[in-house]
Amino acid sequence: MTHNAQIFTAEVVAKHEVMPGTFYVALKAPVLAACSRAGQFLMIQTQSGSDPLLRRPISLCGVGVETVEILFQVRGRGTGIMASWSPGRSVSVLGPFGNGFTIPADIQTAALVAGGIGAAPLLFLARSLAAQFKHSTCVFFFGSKNQADSAILTRAPHHMQAHRCIHVTEDGSTECAGLVTDAFEASVTRGEIVPGKTCIFSCGPAPMLKKVARIAAAYSIPCQVSLEAHMACGVGACLGCVVEAKGGFQRVCADGPVFDSSVLDWNYD
């Protein structure tokens with residue numbers, strides 16, 4: 001939860017490029033690792049000083065005994081600086097922020113639906129499910145542009161743990177071609193994902209989340225979505241990351257980033 005966030009000086013202990021422009025980093029911060037859970041995020045100072053001024057919000061993709069792990073794509077100057085980090089570097093980190101995923105105690109099947117780098121928090125969730133709910137089934141649907149993007153799932157340490165992984169590619173370079181939402185809906189229609197003691201967890205581009213939420217509503221399956229948004233403060237004060245919800249607005253950083261899909265207003269084009 002946001003009110004538990006603290007400032008930590010973490011040490012970069014591992015870094016590698018899992019695919020062009022996408023990096024895995026492990027930061028040594030034992031206390032932070034102990035209090036972080038799947039779905040939460042960190043606010044990271046990319047370098048010392050005030051340039052860049054704002055910290056970067058980065059989802060957690062896992063934790064170790066003493067480390068927190070992140071997976072990010074280079075999208076601008078801040079993440080470009082992060083890509084240049086080397087082991088041994090000290091990094092100022094605030095966290096953990098936000099509400100993480102809530103796993104029902106009676107869950108039998110977890111359907112994880114990810115798009116691109118949105119796989120990061122779901123990799124953490126899959127590991128949590130494997131460790132805590134040994135009798136539940138985890139099915140991971142991953143959508144990307146091409147087969148090479150599977151490196152997001154396989155090249156980060158402690159990579160994705162699921163009973164079944166379905167990689168859907170837009171260019172048709174895998175056996176399953178098209179959009180991940182179509183493959184997911186087909187699986188529900190065929191009865192492979194059965195409503196009742198099943199929960200959907202999803203993270204990725206907004207159009208994908210909108211479709212996942214509509215599938216969940218149509219089949220009455222509980223669904224939690226992790227939203228991505230530009231953030232300045234991370235604590236809900238600046239109101240720069242608000243999204244429309246039923247009955248008002250919600251702050252992605254403080255009220256999320258994980259939401260029950262039924263509380264959000266998906267009625268936009």
# chains A, B, ... in the order shown; residues from 1 in each chain; ligands from 1
call {"tool": "residues_around", "arguments": {"residues": "A:Asn99", "least_positions_apart": "2", "cutoff": "12 Å", "atoms": "only C-alpha atoms", "output": "VMD selection string"}}
result
chain A and resid 1 to 5 36 to 42 59 95 to 97 101 to 102 224 to 227 234 to 235 251 to 260
call {"tool": "closest_atom_pairs", "arguments": {"of": "stretch 82-187 of chain A", "to": "stretch 15-27 of chain A", "cutoff": "9 Å", "atoms": "only C-alpha atoms", "output": "JSON lines"}}
result
{"residue": "A:Met82", "atom": "CA", "partner": "A:Phe23", "partner_atom": "CA", "distance": 8.9}
{"residue": "A:Ala83", "atom": "CA", "partner": "A:Phe23", "partner_atom": "CA", "distance": 6.7}
{"residue": "A:Trp85", "atom": "CA", "partner": "A:Lys15", "partner_atom": "CA", "distance": 7.8}
{"residue": "A:Ser86", "atom": "CA", "partner": "A:Lys15", "partner_atom": "CA", "distance": 7.0}
{"residue": "A:Pro87", "atom": "CA", "partner": "A:Lys15", "partner_atom": "CA", "distance": 6.9}
{"residue": "A:Ser90", "atom": "CA", "partner": "A:Leu27", "partner_atom": "CA", "distance": 8.9}
{"residue": "A:Val91", "atom": "CA", "partner": "A:Leu27", "partner_atom": "CA", "distance": 8.3}
{"residue": "A:Ile117", "atom": "CA", "partner": "A:Thr22", "partner_atom": "CA", "distance": 8.5}
{"residue": "A:Ala148", "atom": "CA", "partner": "A:Met19", "partner_atom": "CA", "distance": 8.0}
{"residue": "A:Asp149", "atom": "CA", "partner": "A:Met19", "partner_atom": "CA", "distance": 7.4}
{"residue": "A:Ala151", "atom": "CA", "partner": "A:Val18", "partner_atom": "CA", "distance": 6.1}
{"residue": "A:Ile152", "atom": "CA", "partner": "A:Val18", "partner_atom": "CA", "distance": 6.5}
{"residue": "A:Thr154", "atom": "CA", "partner": "A:Val18", "partner_atom": "CA", "distance": 8.6}
{"residue": "A:Arg155", "atom": "CA", "partner": "A:Val18", "partner_atom": "CA", "distance": 5.6}
{"residue": "A:Ala156", "atom": "CA", "partner": "A:Tyr24", "partner_atom": "CA", "distance": 6.3}
{"residue": "A:Pro157", "atom": "CA", "partner": "A:Tyr24", "partner_atom": "CA", "distance": 8.5}
call {"tool": "atom_distance", "arguments": {"atom1": "atom CA of A:Ile215", "atom2": "atom CA of A:Gly62"}}
result
27.8 Å
call {"tool": "closest_residue", "arguments": {"among": "A:Ala186, A:Val12, A:Ile200, A:Cys238", "to": "A:Ile103", "atoms": "only C-alpha atoms"}}
result
A:Ile200
call {"tool": "residues_around", "arguments": {"residues": "stretch 43-48 of chain A", "least_positions_apart": "3", "cutoff": "8 Å", "atoms": "only C-alpha atoms", "output": "ChimeraX atom specification"}}
result
/A:51-52,54-58,78-79,81-82,91-95,97,234
call {"tool": "write_last_selection", "arguments": {"atoms": "N, CA and C atoms", "output": "PDB file, in the first residue's frame"}}
result
ATOM      1  N   ASP A  51      18.353  16.354 -12.415  1.00  0.00           N
ATOM      2  CA  ASP A  51      18.139  16.224 -13.847  1.00  0.00           C
ATOM      3  C   ASP A  51      18.386  14.765 -14.254  1.00  0.00           C
ATOM      4  N   PRO A  52      17.316  14.049 -14.579  1.00  0.00           N
ATOM      5  CA  PRO A  52      15.897  14.427 -14.670  1.00  0.00           C
ATOM      6  C   PRO A  52      15.291  14.717 -13.295  1.00  0.00           C
ATOM      7  N   LEU A  54      12.032  14.286 -12.215  1.00  0.00           N
ATOM      8  CA  LEU A  54      11.050  13.342 -11.706  1.00  0.00           C
ATOM      9  C   LEU A  54      11.582  11.909 -11.677  1.00  0.00           C
ATOM     10  N   ARG A  55      11.152  11.180 -10.662  1.00  0.00           N
ATOM     11  CA  ARG A  55      11.441   9.753 -10.605  1.00  0.00           C
ATOM     12  C   ARG A  55      10.602   9.020 -11.655  1.00  0.00           C
ATOM     13  N   ARG A  56      11.041   7.827 -12.030  1.00  0.00           N
ATOM     14  CA  ARG A  56      10.317   7.032 -13.017  1.00  0.00           C
ATOM     15  C   ARG A  56       9.563   5.904 -12.336  1.00  0.00           C
ATOM     16  N   PRO A  57       8.253   5.752 -12.646  1.00  0.00           N
ATOM     17  CA  PRO A  57       7.498   4.633 -12.082  1.00  0.00           C
ATOM     18  C   PRO A  57       7.784   3.353 -12.856  1.00  0.00           C
ATOM     19  N   ILE A  58       8.202   2.310 -12.157  1.00  0.00           N
ATOM     20  CA  ILE A  58       8.557   1.046 -12.794  1.00  0.00           C
ATOM     21  C   ILE A  58       7.908  -0.097 -12.015  1.00  0.00           C
ATOM     22  N   GLY A  78      14.918   9.103 -19.189  1.00  0.00           N
ATOM     23  CA  GLY A  78      15.057   8.470 -17.883  1.00  0.00           C
ATOM     24  C   GLY A  78      15.376   6.993 -17.977  1.00  0.00           C
ATOM     25  N   THR A  79      14.607   6.258 -18.756  1.00  0.00           N
ATOM     26  CA  THR A  79      14.860   4.830 -18.904  1.00  0.00           C
ATOM     27  C   THR A  79      16.149   4.582 -19.700  1.00  0.00           C
ATOM     28  N   ILE A  81      18.858   6.354 -19.237  1.00  0.00           N
ATOM     29  CA  ILE A  81      19.882   6.417 -18.190  1.00  0.00           C
ATOM     30  C   ILE A  81      19.911   5.107 -17.403  1.00  0.00           C
ATOM     31  N   MET A  82      18.743   4.583 -17.096  1.00  0.00           N
ATOM     32  CA  MET A  82      18.677   3.320 -16.353  1.00  0.00           C
ATOM     33  C   MET A  82      19.349   2.188 -17.129  1.00  0.00           C
ATOM     34  N   VAL A  91      21.354   3.363  -6.172  1.00  0.00           N
ATOM     35  CA  VAL A  91      20.158   3.953  -6.771  1.00  0.00           C
ATOM     36  C   VAL A  91      19.176   4.317  -5.659  1.00  0.00           C
ATOM     37  N   SER A  92      18.600   5.515  -5.727  1.00  0.00           N
ATOM     38  CA  SER A  92      17.573   5.926  -4.771  1.00  0.00           C
ATOM     39  C   SER A  92      16.213   5.428  -5.255  1.00  0.00           C
ATOM     40  N   VAL A  93      15.550   4.669  -4.396  1.00  0.00           N
ATOM     41  CA  VAL A  93      14.279   4.040  -4.751  1.00  0.00           C
ATOM     42  C   VAL A  93      13.226   4.361  -3.688  1.00  0.00           C
ATOM     43  N   LEU A  94      12.048   4.762  -4.115  1.00  0.00           N
ATOM     44  CA  LEU A  94      10.895   4.918  -3.233  1.00  0.00           C
ATOM     45  C   LEU A  94       9.919   3.786  -3.502  1.00  0.00           C
ATOM     46  N   GLY A  95       9.424   3.182  -2.442  1.00  0.00           N
ATOM     47  CA  GLY A  95       8.453   2.129  -2.667  1.00  0.00           C
ATOM     48  C   GLY A  95       8.227   1.276  -1.428  1.00  0.00           C
ATOM     49  N   PHE A  97       4.874   1.145  -3.910  1.00  0.00           N
ATOM     50  CA  PHE A  97       3.701   1.977  -4.089  1.00  0.00           C
ATOM     51  C   PHE A  97       2.526   1.167  -4.631  1.00  0.00           C
ATOM     52  N   GLY A 234       3.486   9.800  -7.546  1.00  0.00           N
ATOM     53  CA  GLY A 234       3.353   8.428  -7.069  1.00  0.00           C
ATOM     54  C   GLY A 234       2.480   8.257  -5.844  1.00  0.00           C
TER      55      GLY A 234
END
call {"tool": "residues_around", "arguments": {"residues": "A:Phe201", "least_positions_apart": "6", "cutoff": "12 Å", "atoms": "only C-alpha atoms", "output": "ChimeraX atom specification"}}
result
/A:38-39,100-104,109-115,118-119,121-126,129,138-142,184,209,212-213,216,221-227,258-261
call {"tool": "closest_residue", "arguments": {"among": "A:Ser84, A:Ser144, A:Gln6, A:Thr137", "to": "A:Gln161", "atoms": "only C-alpha atoms"}}
result
A:Thr137
call {"tool": "atom_distance", "arguments": {"atom1": "atom CA of A:Gly172", "atom2": "atom CA of A:Asn146"}}
result
7.3 Å
call {"tool": "select_by_dssp", "arguments": {"residues": "stretch 50-203 of chain A", "states": "helix (DSSP H, G or I)", "output": "PyMOL selection string"}}
result
chain A and resi 77-83+116-132+147-154+180-189
